[in-house]
Amino acid sequence: MNKNAHQKICIANILSGVSDGLSKFSPPSRVALLFAHGPDDPLQAFDPQDLLGDHEAKLKELFITKASQWRDRVAVMVADQPKGSMIRDEDPYLTGLISFAGASSEFFYQVWFTEHHPDICSIRPVEKWLEQAATLLIHDFNASRETPINSSDYVVRNYGLQAIADYLVDEWSQHLGFDTLIPLPSLLNHILTISKTKEEGAWARGTLFFMDPVNIDNICFLTKLQHHQRPLISNTKHIRKLLIGVERSDRKLVSDGSMIIGISDGPVPEYALSAEFRGDFGFLRMGAKKVASFSDGNYYSSTREARLVELEELLLDSDLPREQACRLFKLLMGLVHRAGYSRHGATLVVDLNTPPVTLSGHVLDPPLNLLESKQYELATSLMRIDGAVHITSAHTVHGFACLLDGSSISWENMARGARYNSALRFSAATPNVIVVVISSDQPVSIIHKGIELNSFCRWKPVYQYVPEFLTLNDLLGETES
């Protein structure tokens, strides 16, 4: 294999691995790379799924119009840099993207991009993922052609847990001023094991937090376990039993990362790592900040809360006054989250017509005013009843247990249930309505004019072949100056 083909395969393998790995940690995620191996090499682009397609103007400004500035800045950064190290460069800040830019004496410049999903707990583990890809690319790109390079693909494909650990170590080093004694990768695995362990048929609930042994004496304990009886964190079955003592309360189990020390009812310290178990899922936090969620024995980036961005945009683009649209959106978001927490399906018909359309179901007289707390609580209960809840632009519930009908349409999804496909038919046949379909297993669909607006596009696969990279000028249709 010649050197040029070897280097192209290095990039294609790592980029494919990052995309696959992030698509397991987050919703489907595209990845793109800009790079220049040497200080005089043209900036090249590998964007097999058109992630950078809407950012031409910003890319032109940063890397073509100001080409001499960024090259000079990076050259100064790497001038005295030791071999084998990488310096983080300025973030390009492209809207809707997470990025990592790095420079090295062995690989002049590279910047990785991936999608910033709206329901992400923290972007920092994703940034660590991209940083790892950049580090591996430097190694593989400069390795001899006889050196195996497929291991890097495997590393970034399965990097989720280690990305979280790397982020936590960086945070503690930066804010606490010392390296933690807590063995994070094994600890994160123990948390997953506890989350999968049932006790008398019930999933784990309650909070377990970890303090570095250096600061453990600063915790105000309700009580402590005798030293010789403290269970090791690796004894996950015992830890699961102890969680019964703190579930559905303000109490928390406290650990030094090695064993359970005792129980506290105070707030979790700012930079303590905590695992918040909520049944068959949970959240990993640093202080009050969410780092990731966990379920089914894996970590995910999702907050497990629907952001409803498409619904907000539809309401703001409607004929409703802005203040009224914002208030209606907040009420609807609260109803959707209530259904999500209760794990039941529901359908909301948001009717922007005046007067409201007539639906087959129970009509309320007078309608429920969602701005009044008691009537709002009643509306959350009505969502549990089969059929749709009919909500008007005046912040009222006009009816419930409504049947949605309409003619068959060609783009129905037979993999979804009757609730979803009825909403498609109804919204296709009825003007000026938005239908929100909530599934009991969390997904929320925003349907308008017969189209689901927030469905994921199934990106075409990136086939394993030796790619041809474009220079950034060619990608943007620019001529060399």
# chains A, B, ... in the order shown; residues from 1 in each chain; ligands from 1
$ select_by_dssp --residues "segment 166-308 of chain A" --states "strand (DSSP E or B)" --output "ChimeraX atom specification"
/A:199,202,205-210,223-224,232,252-255,259-264,273-278,281-286,289-295,298-300,302
$ write_last_selection --atoms "N, CA and C atoms" --output "short mmCIF file (atom, residue, chain, number, x, y, z; two decimals), in the first residue's frame"
data_model
loop_
_atom_site.label_atom_id
_atom_site.label_comp_id
_atom_site.auth_asym_id
_atom_site.auth_seq_id
_atom_site.Cartn_x
_atom_site.Cartn_y
_atom_site.Cartn_z
N GLU A 199 -33.91 -5.49 43.23
CA GLU A 199 -34.03 -5.97 44.60
C GLU A 199 -35.50 -6.22 44.88
N ALA A 202 -37.69 -4.85 42.13
CA ALA A 202 -37.74 -3.40 41.90
C ALA A 202 -36.38 -2.89 41.44
N ARG A 205 -33.58 2.97 43.12
CA ARG A 205 -33.97 4.38 43.24
C ARG A 205 -33.15 5.00 44.37
N GLY A 206 -32.85 6.28 44.22
CA GLY A 206 -32.07 6.97 45.24
C GLY A 206 -30.77 7.49 44.67
N THR A 207 -30.00 8.19 45.51
CA THR A 207 -28.77 8.85 45.07
C THR A 207 -27.56 8.31 45.83
N LEU A 208 -26.51 8.05 45.08
CA LEU A 208 -25.22 7.64 45.62
C LEU A 208 -24.19 8.62 45.10
N PHE A 209 -23.46 9.29 46.02
CA PHE A 209 -22.44 10.21 45.51
C PHE A 209 -21.06 9.88 46.05
N PHE A 210 -20.06 10.32 45.29
CA PHE A 210 -18.67 9.95 45.55
C PHE A 210 -17.85 11.21 45.80
N THR A 223 -25.18 9.41 59.64
CA THR A 223 -24.56 8.29 60.35
C THR A 223 -23.51 7.67 59.43
N LYS A 224 -22.59 6.93 60.05
CA LYS A 224 -21.56 6.22 59.30
C LYS A 224 -21.62 4.73 59.62
N LEU A 232 -17.48 -2.71 49.84
CA LEU A 232 -16.77 -2.18 48.69
C LEU A 232 -17.76 -1.82 47.59
N LYS A 252 -28.83 10.37 51.06
CA LYS A 252 -27.94 9.90 50.00
C LYS A 252 -26.88 8.99 50.60
N LEU A 253 -26.52 7.95 49.86
CA LEU A 253 -25.36 7.15 50.22
C LEU A 253 -24.10 7.91 49.85
N VAL A 254 -23.07 7.83 50.70
CA VAL A 254 -21.82 8.54 50.46
C VAL A 254 -20.68 7.54 50.36
N SER A 255 -19.86 7.69 49.33
CA SER A 255 -18.72 6.79 49.12
C SER A 255 -17.46 7.61 48.87
N MET A 259 -15.41 2.45 48.99
CA MET A 259 -16.41 1.77 49.82
C MET A 259 -17.48 2.76 50.25
N ILE A 260 -18.58 2.26 50.77
CA ILE A 260 -19.64 3.11 51.31
C ILE A 260 -19.24 3.57 52.71
N ILE A 261 -19.26 4.89 52.94
CA ILE A 261 -18.86 5.45 54.23
C ILE A 261 -20.06 5.63 55.14
N GLY A 262 -21.17 6.16 54.61
CA GLY A 262 -22.33 6.40 55.45
C GLY A 262 -23.46 7.03 54.66
N ILE A 263 -24.34 7.75 55.38
CA ILE A 263 -25.53 8.36 54.79
C ILE A 263 -25.57 9.83 55.19
N SER A 264 -25.90 10.70 54.23
CA SER A 264 -26.00 12.14 54.46
C SER A 264 -27.33 12.64 53.91
N LEU A 273 -19.17 13.57 42.27
CA LEU A 273 -19.84 12.76 41.25
C LEU A 273 -20.99 12.02 41.91
N SER A 274 -22.17 12.10 41.31
CA SER A 274 -23.32 11.41 41.89
C SER A 274 -24.04 10.59 40.82
N ALA A 275 -24.57 9.46 41.26
CA ALA A 275 -25.42 8.61 40.42
C ALA A 275 -26.82 8.68 40.99
N GLU A 276 -27.74 9.18 40.18
CA GLU A 276 -29.13 9.36 40.60
C GLU A 276 -29.97 8.28 39.93
N PHE A 277 -30.36 7.28 40.70
CA PHE A 277 -31.10 6.13 40.17
C PHE A 277 -32.60 6.44 40.20
N ARG A 278 -33.27 6.26 39.05
CA ARG A 278 -34.69 6.57 38.93
C ARG A 278 -35.48 5.39 38.37
N PHE A 281 -33.81 3.78 34.71
CA PHE A 281 -32.85 4.72 34.13
C PHE A 281 -32.30 5.60 35.25
N GLY A 282 -31.38 6.47 34.90
CA GLY A 282 -30.83 7.37 35.91
C GLY A 282 -29.93 8.40 35.27
N PHE A 283 -29.33 9.25 36.11
CA PHE A 283 -28.47 10.32 35.62
C PHE A 283 -27.15 10.33 36.38
N LEU A 284 -26.10 10.62 35.65
CA LEU A 284 -24.79 10.85 36.23
C LEU A 284 -24.59 12.36 36.30
N ARG A 285 -24.23 12.87 37.47
CA ARG A 285 -24.09 14.32 37.65
C ARG A 285 -22.74 14.65 38.28
N MET A 286 -22.28 15.86 37.99
CA MET A 286 -21.19 16.46 38.75
C MET A 286 -21.80 17.65 39.47
N LYS A 289 -24.92 19.52 37.83
CA LYS A 289 -24.88 19.46 36.37
C LYS A 289 -24.96 18.02 35.87
N LYS A 290 -25.87 17.79 34.92
CA LYS A 290 -25.96 16.47 34.31
C LYS A 290 -24.77 16.23 33.40
N VAL A 291 -24.20 15.05 33.51
CA VAL A 291 -23.09 14.64 32.65
C VAL A 291 -23.59 13.67 31.58
N ALA A 292 -24.42 12.71 31.98
CA ALA A 292 -24.96 11.71 31.06
C ALA A 292 -26.14 11.02 31.74
N SER A 293 -26.90 10.30 30.96
CA SER A 293 -27.94 9.43 31.51
C SER A 293 -27.50 7.99 31.32
N PHE A 294 -28.15 7.08 32.04
CA PHE A 294 -27.84 5.67 31.85
C PHE A 294 -29.11 4.84 31.90
N SER A 295 -29.12 3.79 31.10
CA SER A 295 -30.23 2.82 31.06
C SER A 295 -29.76 1.62 30.26
N ASN A 298 -25.96 0.98 29.69
CA ASN A 298 -25.11 1.85 28.87
C ASN A 298 -25.31 3.31 29.27
N TYR A 299 -24.31 4.12 28.95
CA TYR A 299 -24.41 5.56 29.14
C TYR A 299 -24.85 6.22 27.84
N TYR A 300 -25.63 7.31 27.98
CA TYR A 300 -26.13 8.05 26.83
C TYR A 300 -26.01 9.55 27.10
N SER A 302 -28.35 11.69 26.30
CA SER A 302 -29.70 12.28 26.32
C SER A 302 -30.13 12.71 27.72
#
$ closest_atom_pairs --of "segment 143-224 of chain A" --to "segment 9-31 of chain A" --cutoff "9 Å" --atoms "only C-alpha atoms" --output "Markdown table"
| residue | atom | partner | partner_atom | distance |
| --- | --- | --- | --- | --- |
| A:Ile149 | CA | A:Cys10 | CA | 6.7 |
| A:Asn150 | CA | A:Asn13 | CA | 7.2 |
| A:Ser152 | CA | A:Ile14 | CA | 6.3 |
| A:Asp153 | CA | A:Gly17 | CA | 4.8 |
| A:Tyr154 | CA | A:Gly17 | CA | 6.7 |
| A:Val155 | CA | A:Gly17 | CA | 7.9 |
| A:Val156 | CA | A:Val18 | CA | 5.3 |
| A:Arg157 | CA | A:Gly21 | CA | 4.1 |
| A:Asn158 | CA | A:Gly21 | CA | 5.8 |
| A:Tyr159 | CA | A:Gly21 | CA | 7.0 |
| A:Gly160 | CA | A:Phe25 | CA | 6.5 |
$ atom_distance --atom1 "atom CA of Gly257 of chain A" --atom2 "atom CA of Cys121 of chain A"
23.1 Å
$ residues_around --residues "Glu372 of chain A" --least-positions-apart "6" --cutoff "12 Å" --atoms "only C-alpha atoms" --output "JSON, numbers by chain"
{"A": [331, 378, 379, 395, 396, 397]}
$ write_last_selection --atoms "C-alpha atoms" --output "mmCIF file, in the first residue's frame"
data_model
loop_
_atom_site.group_PDB
_atom_site.id
_atom_site.type_symbol
_atom_site.label_atom_id
_atom_site.label_comp_id
_atom_site.auth_asym_id
_atom_site.auth_seq_id
_atom_site.Cartn_x
_atom_site.Cartn_y
_atom_site.Cartn_z
ATOM 1 C CA LEU A 331 -47.905 24.759 28.995
ATOM 2 C CA LEU A 378 -56.960 17.646 35.740
ATOM 3 C CA ALA A 379 -55.709 17.996 32.164
ATOM 4 C CA HIS A 395 -54.768 27.931 26.595
ATOM 5 C CA THR A 396 -57.846 25.787 27.206
ATOM 6 C CA VAL A 397 -58.683 22.091 26.975
#
$ residues_around --residues "Ser410 of chain A" --least-positions-apart "5" --cutoff "12 Å" --atoms "only C-alpha atoms" --output "list of chain:residue names"
A:Asn421, A:Leu424, A:Arg425, A:Ala428, A:Gly450, A:Ile451
$ residues_around --residues "Val389 of chain A" --least-positions-apart "5" --cutoff "7 Å" --atoms "only C-alpha atoms" --output "NGL selection string"
:A and (347-349 or 383 or 399-402)
$ write_last_selection --atoms "C-alpha atoms" --output "compact mmCIF listing (two decimals), in the first residue's frame"
# COMPACT_ATOMS: atom_id res chain seq x y z
CA THR A 347 -51.90 12.61 22.02
CA LEU A 348 -52.32 16.40 22.10
CA VAL A 349 -54.14 18.22 19.31
CA MET A 383 -54.14 12.65 29.02
CA GLY A 399 -62.22 18.17 24.87
CA PHE A 400 -60.66 14.79 25.61
CA ALA A 401 -60.90 11.14 24.50
CA CYS A 402 -61.14 12.49 20.95
$ residues_around --residues "segment 167-177 of chain A" --least-positions-apart "3" --cutoff "8 Å" --atoms "only C-alpha atoms" --output "list in words"
Arg124, Pro125, Lys128, Ala163, Ile164, Thr180 and Tyr271 of chain A
$ write_last_selection --atoms "C-alpha atoms" --output "compact mmCIF listing (two decimals), in the first residue's frame"
# COMPACT_ATOMS: atom_id res chain seq x y z
CA ARG A 124 -17.85 17.82 27.15
CA PRO A 125 -17.77 14.00 26.78
CA LYS A 128 -13.25 14.38 24.63
CA ALA A 163 -14.99 9.86 27.32
CA ILE A 164 -17.08 10.50 30.45
CA THR A 180 -8.44 12.25 41.95
CA TYR A 271 -17.72 18.81 42.26
$ select_by_dssp --residues "segment 280-346 of chain A" --states "helix (DSSP H, G or I)" --output "ChimeraX atom specification"
/A:309-317,322-342
$ write_last_selection --atoms "N, CA and C atoms" --output "mmCIF file, in the first residue's frame"
data_model
loop_
_atom_site.group_PDB
_atom_site.id
_atom_site.type_symbol
_atom_site.label_atom_id
_atom_site.label_comp_id
_atom_site.auth_asym_id
_atom_site.auth_seq_id
_atom_site.Cartn_x
_atom_site.Cartn_y
_atom_site.Cartn_z
ATOM 1 N N VAL A 309 -38.332 21.529 20.027
ATOM 2 C CA VAL A 309 -37.884 22.709 19.277
ATOM 3 C C VAL A 309 -38.808 22.979 18.099
ATOM 4 N N GLU A 310 -39.212 21.925 17.399
ATOM 5 C CA GLU A 310 -40.070 22.095 16.220
ATOM 6 C C GLU A 310 -41.436 22.658 16.601
ATOM 7 N N LEU A 311 -41.968 22.230 17.744
ATOM 8 C CA LEU A 311 -43.254 22.759 18.206
ATOM 9 C C LEU A 311 -43.133 24.243 18.522
ATOM 10 N N GLU A 312 -42.056 24.617 19.178
ATOM 11 C CA GLU A 312 -41.852 26.033 19.508
ATOM 12 C C GLU A 312 -41.768 26.877 18.239
ATOM 13 N N GLU A 313 -41.050 26.382 17.231
ATOM 14 C CA GLU A 313 -40.913 27.132 15.980
ATOM 15 C C GLU A 313 -42.255 27.280 15.273
ATOM 16 N N LEU A 314 -43.068 26.218 15.267
ATOM 17 C CA LEU A 314 -44.384 26.297 14.628
ATOM 18 C C LEU A 314 -45.272 27.328 15.315
ATOM 19 N N LEU A 315 -45.253 27.348 16.636
ATOM 20 C CA LEU A 315 -46.095 28.299 17.369
ATOM 21 C C LEU A 315 -45.618 29.732 17.150
ATOM 22 N N LEU A 316 -44.301 29.934 17.142
ATOM 23 C CA LEU A 316 -43.774 31.286 16.937
ATOM 24 C C LEU A 316 -44.018 31.774 15.513
ATOM 25 N N ASP A 317 -44.079 30.851 14.561
ATOM 26 C CA ASP A 317 -44.332 31.227 13.167
ATOM 27 C C ASP A 317 -45.820 31.348 12.850
ATOM 28 N N ARG A 322 -46.757 36.818 19.995
ATOM 29 C CA ARG A 322 -45.571 36.119 20.486
ATOM 30 C C ARG A 322 -45.715 35.687 21.950
ATOM 31 N N GLU A 323 -46.236 36.586 22.795
ATOM 32 C CA GLU A 323 -46.379 36.257 24.214
ATOM 33 C C GLU A 323 -47.337 35.086 24.407
ATOM 34 N N GLN A 324 -48.430 35.091 23.648
ATOM 35 C CA GLN A 324 -49.406 34.000 23.748
ATOM 36 C C GLN A 324 -48.801 32.685 23.266
ATOM 37 N N ALA A 325 -48.024 32.751 22.182
ATOM 38 C CA ALA A 325 -47.387 31.544 21.648
ATOM 39 C C ALA A 325 -46.381 30.967 22.641
ATOM 40 N N CYS A 326 -45.597 31.838 23.289
ATOM 41 C CA CYS A 326 -44.604 31.372 24.265
ATOM 42 C C CYS A 326 -45.280 30.733 25.476
ATOM 43 N N ARG A 327 -46.379 31.341 25.930
ATOM 44 C CA ARG A 327 -47.091 30.794 27.085
ATOM 45 C C ARG A 327 -47.701 29.432 26.743
ATOM 46 N N LEU A 328 -48.279 29.329 25.539
ATOM 47 C CA LEU A 328 -48.867 28.059 25.116
ATOM 48 C C LEU A 328 -47.794 26.983 25.012
ATOM 49 N N PHE A 329 -46.628 27.344 24.495
ATOM 50 C CA PHE A 329 -45.541 26.367 24.373
ATOM 51 C C PHE A 329 -45.105 25.847 25.742
ATOM 52 N N LYS A 330 -44.970 26.727 26.720
ATOM 53 C CA LYS A 330 -44.556 26.294 28.061
ATOM 54 C C LYS A 330 -45.578 25.348 28.678
ATOM 55 N N LEU A 331 -46.862 25.644 28.471
ATOM 56 C CA LEU A 331 -47.905 24.759 28.995
ATOM 57 C C LEU A 331 -47.843 23.387 28.326
ATOM 58 N N LEU A 332 -47.672 23.377 27.007
ATOM 59 C CA LEU A 332 -47.604 22.111 26.278
ATOM 60 C C LEU A 332 -46.366 21.313 26.674
ATOM 61 N N MET A 333 -45.230 21.988 26.833
ATOM 62 C CA MET A 333 -44.005 21.294 27.221
ATOM 63 C C MET A 333 -44.170 20.643 28.589
ATOM 64 N N GLY A 334 -44.849 21.341 29.516
ATOM 65 C CA GLY A 334 -45.106 20.761 30.827
ATOM 66 C C GLY A 334 -45.967 19.515 30.748
ATOM 67 N N LEU A 335 -47.000 19.547 29.904
ATOM 68 C CA LEU A 335 -47.867 18.377 29.739
ATOM 69 C C LEU A 335 -47.099 17.193 29.144
ATOM 70 N N VAL A 336 -46.262 17.478 28.162
ATOM 71 C CA VAL A 336 -45.477 16.409 27.531
ATOM 72 C C VAL A 336 -44.520 15.781 28.540
ATOM 73 N N HIS A 337 -43.852 16.612 29.335
ATOM 74 C CA HIS A 337 -42.909 16.083 30.320
ATOM 75 C C HIS A 337 -43.626 15.281 31.403
ATOM 76 N N ARG A 338 -44.825 15.706 31.788
ATOM 77 C CA ARG A 338 -45.599 14.940 32.770
ATOM 78 C C ARG A 338 -45.889 13.533 32.244
ATOM 79 N N ALA A 339 -46.300 13.460 30.987
ATOM 80 C CA ALA A 339 -46.577 12.145 30.391
ATOM 81 C C ALA A 339 -45.309 11.305 30.319
ATOM 82 N N GLY A 340 -44.178 11.957 30.012
ATOM 83 C CA GLY A 340 -42.910 11.235 29.951
ATOM 84 C C GLY A 340 -42.504 10.671 31.292
ATOM 85 N N TYR A 341 -42.628 11.483 32.345
ATOM 86 C CA TYR A 341 -42.268 11.009 33.689
ATOM 87 C C TYR A 341 -43.168 9.857 34.129
ATOM 88 N N SER A 342 -44.458 9.929 33.754
ATOM 89 C CA SER A 342 -45.418 8.896 34.169
ATOM 90 C C SER A 342 -45.367 7.664 33.278
#
$ residues_around --residues "Asp441 of chain A" --least-positions-apart "5" --cutoff "10 Å" --atoms "only C-alpha atoms" --output "ChimeraX atom specification"
/A:340,343-345
$ write_last_selection --atoms "N, CA and C atoms" --output "mmCIF file, in the first residue's frame"
data_model
loop_
_atom_site.group_PDB
_atom_site.id
_atom_site.type_symbol
_atom_site.label_atom_id
_atom_site.label_comp_id
_atom_site.auth_asym_id
_atom_site.auth_seq_id
_atom_site.Cartn_x
_atom_site.Cartn_y
_atom_site.Cartn_z
ATOM 1 N N GLY A 340 -44.178 11.957 30.012
ATOM 2 C CA GLY A 340 -42.910 11.235 29.951
ATOM 3 C C GLY A 340 -42.504 10.671 31.292
ATOM 4 N N ARG A 343 -44.611 7.755 32.166
ATOM 5 C CA ARG A 343 -44.409 6.636 31.251
ATOM 6 C C ARG A 343 -45.720 6.136 30.654
ATOM 7 N N HIS A 344 -46.577 7.070 30.206
ATOM 8 C CA HIS A 344 -47.789 6.662 29.493
ATOM 9 C C HIS A 344 -47.868 7.416 28.165
ATOM 10 N N GLY A 345 -48.512 6.804 27.185
ATOM 11 C CA GLY A 345 -48.690 7.453 25.904
ATOM 12 C C GLY A 345 -49.825 8.461 25.943
#
